[in-house]
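**Q** File name entry03.pdb; file contents PDB, C-alpha atoms; full text below.
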ATOM      1  CA  MET G   1     -41.199 -41.612 -39.835
ATOM      2  CA  GLU G   2     -44.127 -39.555 -38.672
ATOM      3  CA  ILE G   3     -45.558 -38.846 -35.226
ATOM      4  CA  THR G   4     -48.469 -36.767 -33.995
ATOM      5  CA  LEU G   5     -48.341 -35.415 -30.458
ATOM      6  CA  SER G   6     -50.814 -33.508 -28.294
ATOM      7  CA  VAL G   7     -49.242 -30.279 -27.030
ATOM      8  CA  ASN G   8     -50.677 -28.227 -24.178
ATOM      9  CA  GLY G   9     -49.911 -24.572 -23.652
ATOM     10  CA  MET G  10     -50.089 -23.290 -27.241
ATOM     11  CA  LYS G  11     -52.291 -20.192 -27.414
ATOM     12  CA  CYS G  12     -51.202 -18.084 -30.381
ATOM     13  CA  GLN G  13     -49.103 -17.897 -33.542
ATOM     14  CA  GLY G  14     -46.112 -16.916 -31.408
ATOM     15  CA  CYS G  15     -46.405 -20.275 -29.631
ATOM     16  CA  VAL G  16     -46.550 -22.061 -32.976
ATOM     17  CA  ASP G  17     -43.444 -20.205 -34.170
ATOM     18  CA  LYS G  18     -41.562 -21.073 -30.970
ATOM     19  CA  LEU G  19     -42.509 -24.746 -31.214
ATOM     20  CA  GLU G  20     -41.461 -24.893 -34.872
ATOM     21  CA  LYS G  21     -38.137 -23.228 -34.036
ATOM     22  CA  PHE G  22     -37.215 -25.613 -31.216
ATOM     23  CA  VAL G  23     -38.236 -28.794 -33.054
ATOM     24  CA  GLY G  24     -36.897 -27.546 -36.389
ATOM     25  CA  GLU G  25     -33.389 -27.195 -34.961
ATOM     26  CA  LEU G  26     -33.091 -30.962 -34.624
ATOM     27  CA  GLU G  27     -31.149 -32.717 -37.355
ATOM     28  CA  GLY G  28     -33.367 -35.001 -39.428
ATOM     29  CA  ILE G  29     -36.601 -32.993 -39.159
ATOM     30  CA  GLU G  30     -38.306 -32.862 -42.549
ATOM     31  CA  ARG G  31     -41.687 -31.251 -41.825
ATOM     32  CA  ILE G  32     -43.546 -29.764 -38.879
ATOM     33  CA  GLN G  33     -47.296 -29.190 -39.047
ATOM     34  CA  VAL G  34     -48.839 -27.484 -36.031
ATOM     35  CA  ASP G  35     -52.621 -27.520 -35.561
ATOM     36  CA  LEU G  36     -53.275 -24.769 -33.016
ATOM     37  CA  PRO G  37     -57.055 -25.379 -32.574
ATOM     38  CA  ALA G  38     -56.465 -29.124 -32.068
ATOM     39  CA  LYS G  39     -53.377 -28.472 -29.904
ATOM     40  CA  SER G  40     -51.328 -31.001 -31.810
ATOM     41  CA  VAL G  41     -48.176 -31.202 -33.872
ATOM     42  CA  LYS G  42     -47.327 -33.661 -36.631
ATOM     43  CA  VAL G  43     -43.624 -34.158 -37.278
ATOM     44  CA  GLU G  44     -42.052 -36.004 -40.191
ATOM     45  CA  PHE G  45     -38.464 -36.977 -39.477
ATOM     46  CA  ASN G  46     -35.587 -39.302 -40.256
ATOM     47  CA  THR G  47     -32.543 -40.351 -38.304
ATOM     48  CA  PRO G  48     -30.698 -39.007 -36.449
ATOM     49  CA  ALA G  49     -33.820 -37.367 -34.929
ATOM     50  CA  THR G  50     -35.801 -39.530 -32.512
ATOM     51  CA  LYS G  51     -39.249 -39.272 -30.951
ATOM     52  CA  GLU G  52     -37.572 -38.718 -27.590
ATOM     53  CA  GLN G  53     -35.556 -35.756 -28.937
ATOM     54  CA  ILE G  54     -38.686 -34.223 -30.457
ATOM     55  CA  CYS G  55     -40.561 -34.566 -27.157
ATOM     56  CA  GLU G  56     -37.621 -33.036 -25.293
ATOM     57  CA  ALA G  57     -37.501 -30.083 -27.708
ATOM     58  CA  ILE G  58     -41.220 -29.439 -27.165
ATOM     59  CA  LEU G  59     -40.732 -29.507 -23.401
ATOM     60  CA  ASP G  60     -37.680 -27.227 -23.696
ATOM     61  CA  ALA G  61     -39.831 -24.759 -25.627
ATOM     62  CA  GLY G  62     -42.051 -24.508 -22.555
ATOM     63  CA  PHE G  63     -44.983 -26.676 -23.593
ATOM     64  CA  GLU G  64     -46.456 -29.843 -22.102
ATOM     65  CA  LEU G  65     -47.150 -33.155 -23.789
TER      66      LEU G  65
END
Go ahead and express the file in the form of structure tokens.
**A**
Amino acid sequence: MEITLSVNGMKCQGCVDKLEKFVGELEGIERIQVDLPAKSVKVEFNTPATKEQICEAILDAGFEL
């Protein structure tokens, strides 16, 4: 599956790295593509990862959806 989410609070490459780290730790994540200028992230994933877990990981990283 694939989702694209708007993420507020990303300002630099450090933010991108942090977001990728938190989401990437979830089991089932296949690909993370962050678009800093557009303030969005596209995530390709399979079970057991869920959209809810991905959203929670983004929030845990300190960003807003």
**Q** Apply the PyMOL selection byres ((chain G and resi 36) around 8) to the displayed file and report the matching residues as a ChimeraX atom specification.
**A** /G:10-12,16,34-35,37-40
**Q** Could you check how far CA of Ser6 in chain G sits from CA of Leu59 in chain G, in Å to one decimal?
**A**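 Answer for the CA of Ser6 in chain G to CA of Leu59 in chain G separation: 11.9 Å.
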**Q** List as a list in words the protein and nucleic acid residues near Leu19 in chain G, meaning an atom at most 10 Å away when all atoms listed in the file are counted, but skip any in the same chain fewer than 3 places from it.
**A**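 Here the qualifying residues turn out to be Val7, Met10, Gln13, Gly14, Cys15, Val16, Phe22, Val23, Gly24, Ile32, Val34, Val41, Ala57, Ile58, Leu59, Asp60, Ala61, Gly62 and Phe63 of chain G.
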**Q** Using the chain letters and numbering of this document, enumerate as a compact mmCIF listing (two decimals) with C-alpha atoms, in the coordinates of the input the residues selected by the PyMOL selection byres ((chain G and resi 49) around 10).
**A**
# COMPACT_ATOMS: atom_id res chain seq x y z
CA MET G 1 -41.20 -41.61 -39.84
CA VAL G 23 -38.24 -28.79 -33.05
CA LEU G 26 -33.09 -30.96 -34.62
CA GLU G 27 -31.15 -32.72 -37.35
CA GLY G 28 -33.37 -35.00 -39.43
CA ILE G 29 -36.60 -32.99 -39.16
CA GLU G 30 -38.31 -32.86 -42.55
CA GLU G 44 -42.05 -36.00 -40.19
CA PHE G 45 -38.46 -36.98 -39.48
CA ASN G 46 -35.59 -39.30 -40.26
CA THR G 47 -32.54 -40.35 -38.30
CA PRO G 48 -30.70 -39.01 -36.45
CA THR G 50 -35.80 -39.53 -32.51
CA LYS G 51 -39.25 -39.27 -30.95
CA GLU G 52 -37.57 -38.72 -27.59
CA GLN G 53 -35.56 -35.76 -28.94
CA ILE G 54 -38.69 -34.22 -30.46
**Q** Go through G:Lys18, G:Asn8, G:Ile3, G:Glu56 one by one, measure the shortest atom-to-atom distance of each to Arg31 in chain G using only C-alpha atoms, and give the residue with the smallest value.
**A** G:Ile3
**Q** Enclose all atoms of range 46-56 of chain G listed in the file in an axis-aligned box, grow every side by 8 Å, and hand back centre and edge lengths in Å to one decimal, as JSON.
**A**
{"center_x": -35.6, "center_y": -36.7, "center_z": -32.8, "size_x": 25.9, "size_y": 23.3, "size_z": 31.0}
**Q** Reconstruct range 20-31 of chain G at the level of all heavy atoms, and format the result as a PDB file, in the frame of the given file.
**A**
ATOM      1  N   GLU G  20     -42.112 -24.558 -33.599  1.00  0.00           N
ATOM      2  CA  GLU G  20     -41.461 -24.893 -34.872  1.00  0.00           C
ATOM      3  C   GLU G  20     -39.966 -24.633 -34.817  1.00  0.00           C
ATOM      4  O   GLU G  20     -39.175 -25.402 -35.365  1.00  0.00           O
ATOM      5  CB  GLU G  20     -42.101 -24.116 -36.014  1.00  0.00           C
ATOM      6  CG  GLU G  20     -43.502 -24.590 -36.349  1.00  0.00           C
ATOM      7  CD  GLU G  20     -44.182 -23.755 -37.419  1.00  0.00           C
ATOM      8  OE1 GLU G  20     -43.753 -22.604 -37.665  1.00  0.00           O
ATOM      9  OE2 GLU G  20     -45.170 -24.255 -37.995  1.00  0.00           O
ATOM     10  N   LYS G  21     -39.555 -23.560 -34.145  1.00  0.00           N
ATOM     11  CA  LYS G  21     -38.137 -23.228 -34.036  1.00  0.00           C
ATOM     12  C   LYS G  21     -37.391 -24.296 -33.247  1.00  0.00           C
ATOM     13  O   LYS G  21     -36.361 -24.798 -33.687  1.00  0.00           O
ATOM     14  CB  LYS G  21     -37.957 -21.862 -33.374  1.00  0.00           C
ATOM     15  CG  LYS G  21     -36.512 -21.466 -33.169  1.00  0.00           C
ATOM     16  CD  LYS G  21     -36.408 -20.146 -32.419  1.00  0.00           C
ATOM     17  CE  LYS G  21     -34.983 -19.719 -32.195  1.00  0.00           C
ATOM     18  NZ  LYS G  21     -34.277 -20.535 -31.228  1.00  0.00           N
ATOM     19  N   PHE G  22     -37.906 -24.644 -32.069  1.00  0.00           N
ATOM     20  CA  PHE G  22     -37.215 -25.613 -31.216  1.00  0.00           C
ATOM     21  C   PHE G  22     -37.138 -26.990 -31.867  1.00  0.00           C
ATOM     22  O   PHE G  22     -36.084 -27.619 -31.860  1.00  0.00           O
ATOM     23  CB  PHE G  22     -37.910 -25.699 -29.850  1.00  0.00           C
ATOM     24  CG  PHE G  22     -37.431 -24.679 -28.857  1.00  0.00           C
ATOM     25  CD1 PHE G  22     -37.785 -23.346 -28.983  1.00  0.00           C
ATOM     26  CD2 PHE G  22     -36.627 -25.052 -27.794  1.00  0.00           C
ATOM     27  CE1 PHE G  22     -37.354 -22.399 -28.075  1.00  0.00           C
ATOM     28  CE2 PHE G  22     -36.188 -24.109 -26.874  1.00  0.00           C
ATOM     29  CZ  PHE G  22     -36.548 -22.782 -27.013  1.00  0.00           C
ATOM     30  N   VAL G  23     -38.232 -27.469 -32.423  1.00  0.00           N
ATOM     31  CA  VAL G  23     -38.236 -28.794 -33.054  1.00  0.00           C
ATOM     32  C   VAL G  23     -37.442 -28.751 -34.358  1.00  0.00           C
ATOM     33  O   VAL G  23     -36.695 -29.676 -34.672  1.00  0.00           O
ATOM     34  CB  VAL G  23     -39.678 -29.288 -33.296  1.00  0.00           C
ATOM     35  CG1 VAL G  23     -39.678 -30.603 -34.067  1.00  0.00           C
ATOM     36  CG2 VAL G  23     -40.415 -29.459 -31.969  1.00  0.00           C
ATOM     37  N   GLY G  24     -37.576 -27.671 -35.104  1.00  0.00           N
ATOM     38  CA  GLY G  24     -36.897 -27.546 -36.389  1.00  0.00           C
ATOM     39  C   GLY G  24     -35.387 -27.514 -36.307  1.00  0.00           C
ATOM     40  O   GLY G  24     -34.704 -27.776 -37.301  1.00  0.00           O
ATOM     41  N   GLU G  25     -34.841 -27.223 -35.123  1.00  0.00           N
ATOM     42  CA  GLU G  25     -33.389 -27.195 -34.961  1.00  0.00           C
ATOM     43  C   GLU G  25     -32.778 -28.588 -34.892  1.00  0.00           C
ATOM     44  O   GLU G  25     -31.569 -28.742 -35.028  1.00  0.00           O
ATOM     45  CB  GLU G  25     -33.014 -26.400 -33.701  1.00  0.00           C
ATOM     46  CG  GLU G  25     -33.265 -24.917 -33.847  1.00  0.00           C
ATOM     47  CD  GLU G  25     -32.950 -24.126 -32.592  1.00  0.00           C
ATOM     48  OE1 GLU G  25     -32.776 -24.727 -31.517  1.00  0.00           O
ATOM     49  OE2 GLU G  25     -32.884 -22.895 -32.704  1.00  0.00           O
ATOM     50  N   LEU G  26     -33.603 -29.598 -34.697  1.00  0.00           N
ATOM     51  CA  LEU G  26     -33.091 -30.962 -34.624  1.00  0.00           C
ATOM     52  C   LEU G  26     -32.707 -31.459 -36.016  1.00  0.00           C
ATOM     53  O   LEU G  26     -33.428 -31.236 -36.987  1.00  0.00           O
ATOM     54  CB  LEU G  26     -34.144 -31.905 -34.034  1.00  0.00           C
ATOM     55  CG  LEU G  26     -34.580 -31.631 -32.598  1.00  0.00           C
ATOM     56  CD1 LEU G  26     -35.756 -32.524 -32.241  1.00  0.00           C
ATOM     57  CD2 LEU G  26     -33.433 -31.837 -31.636  1.00  0.00           C
ATOM     58  N   GLU G  27     -31.592 -32.154 -36.084  1.00  0.00           N
ATOM     59  CA  GLU G  27     -31.149 -32.717 -37.355  1.00  0.00           C
ATOM     60  C   GLU G  27     -32.048 -33.895 -37.720  1.00  0.00           C
ATOM     61  O   GLU G  27     -32.337 -34.742 -36.885  1.00  0.00           O
ATOM     62  CB  GLU G  27     -29.693 -33.186 -37.248  1.00  0.00           C
ATOM     63  CG  GLU G  27     -29.106 -33.625 -38.554  1.00  0.00           C
ATOM     64  CD  GLU G  27     -27.644 -34.014 -38.447  1.00  0.00           C
ATOM     65  OE1 GLU G  27     -27.005 -33.683 -37.438  1.00  0.00           O
ATOM     66  OE2 GLU G  27     -27.168 -34.664 -39.393  1.00  0.00           O
ATOM     67  N   GLY G  28     -32.528 -33.915 -38.949  1.00  0.00           N
ATOM     68  CA  GLY G  28     -33.367 -35.001 -39.428  1.00  0.00           C
ATOM     69  C   GLY G  28     -34.840 -34.634 -39.532  1.00  0.00           C
ATOM     70  O   GLY G  28     -35.636 -35.418 -40.027  1.00  0.00           O
ATOM     71  N   ILE G  29     -35.208 -33.427 -39.075  1.00  0.00           N
ATOM     72  CA  ILE G  29     -36.601 -32.993 -39.159  1.00  0.00           C
ATOM     73  C   ILE G  29     -36.903 -32.589 -40.598  1.00  0.00           C
ATOM     74  O   ILE G  29     -36.192 -31.777 -41.183  1.00  0.00           O
ATOM     75  CB  ILE G  29     -36.884 -31.809 -38.206  1.00  0.00           C
ATOM     76  CG1 ILE G  29     -36.603 -32.205 -36.761  1.00  0.00           C
ATOM     77  CG2 ILE G  29     -38.317 -31.309 -38.380  1.00  0.00           C
ATOM     78  CD1 ILE G  29     -37.465 -33.324 -36.219  1.00  0.00           C
ATOM     79  N   GLU G  30     -37.941 -33.173 -41.173  1.00  0.00           N
ATOM     80  CA  GLU G  30     -38.306 -32.862 -42.549  1.00  0.00           C
ATOM     81  C   GLU G  30     -39.491 -31.913 -42.639  1.00  0.00           C
ATOM     82  O   GLU G  30     -39.526 -31.042 -43.501  1.00  0.00           O
ATOM     83  CB  GLU G  30     -38.611 -34.152 -43.305  1.00  0.00           C
ATOM     84  CG  GLU G  30     -37.394 -35.021 -43.496  1.00  0.00           C
ATOM     85  CD  GLU G  30     -37.654 -36.180 -44.424  1.00  0.00           C
ATOM     86  OE1 GLU G  30     -38.767 -36.320 -44.945  1.00  0.00           O
ATOM     87  OE2 GLU G  30     -36.718 -36.957 -44.625  1.00  0.00           O
ATOM     88  N   ARG G  31     -40.485 -32.082 -41.737  1.00  0.00           N
ATOM     89  CA  ARG G  31     -41.687 -31.251 -41.825  1.00  0.00           C
ATOM     90  C   ARG G  31     -42.342 -31.172 -40.455  1.00  0.00           C
ATOM     91  O   ARG G  31     -42.414 -32.169 -39.739  1.00  0.00           O
ATOM     92  CB  ARG G  31     -42.653 -31.855 -42.832  1.00  0.00           C
ATOM     93  CG  ARG G  31     -43.895 -31.041 -43.051  1.00  0.00           C
ATOM     94  CD  ARG G  31     -44.729 -31.617 -44.168  1.00  0.00           C
ATOM     95  NE  ARG G  31     -46.000 -30.895 -44.206  1.00  0.00           N
ATOM     96  CZ  ARG G  31     -47.091 -31.367 -44.733  1.00  0.00           C
ATOM     97  NH1 ARG G  31     -47.091 -32.550 -45.295  1.00  0.00           N
ATOM     98  NH2 ARG G  31     -48.196 -30.662 -44.736  1.00  0.00           N
TER      99      ARG G  31
END
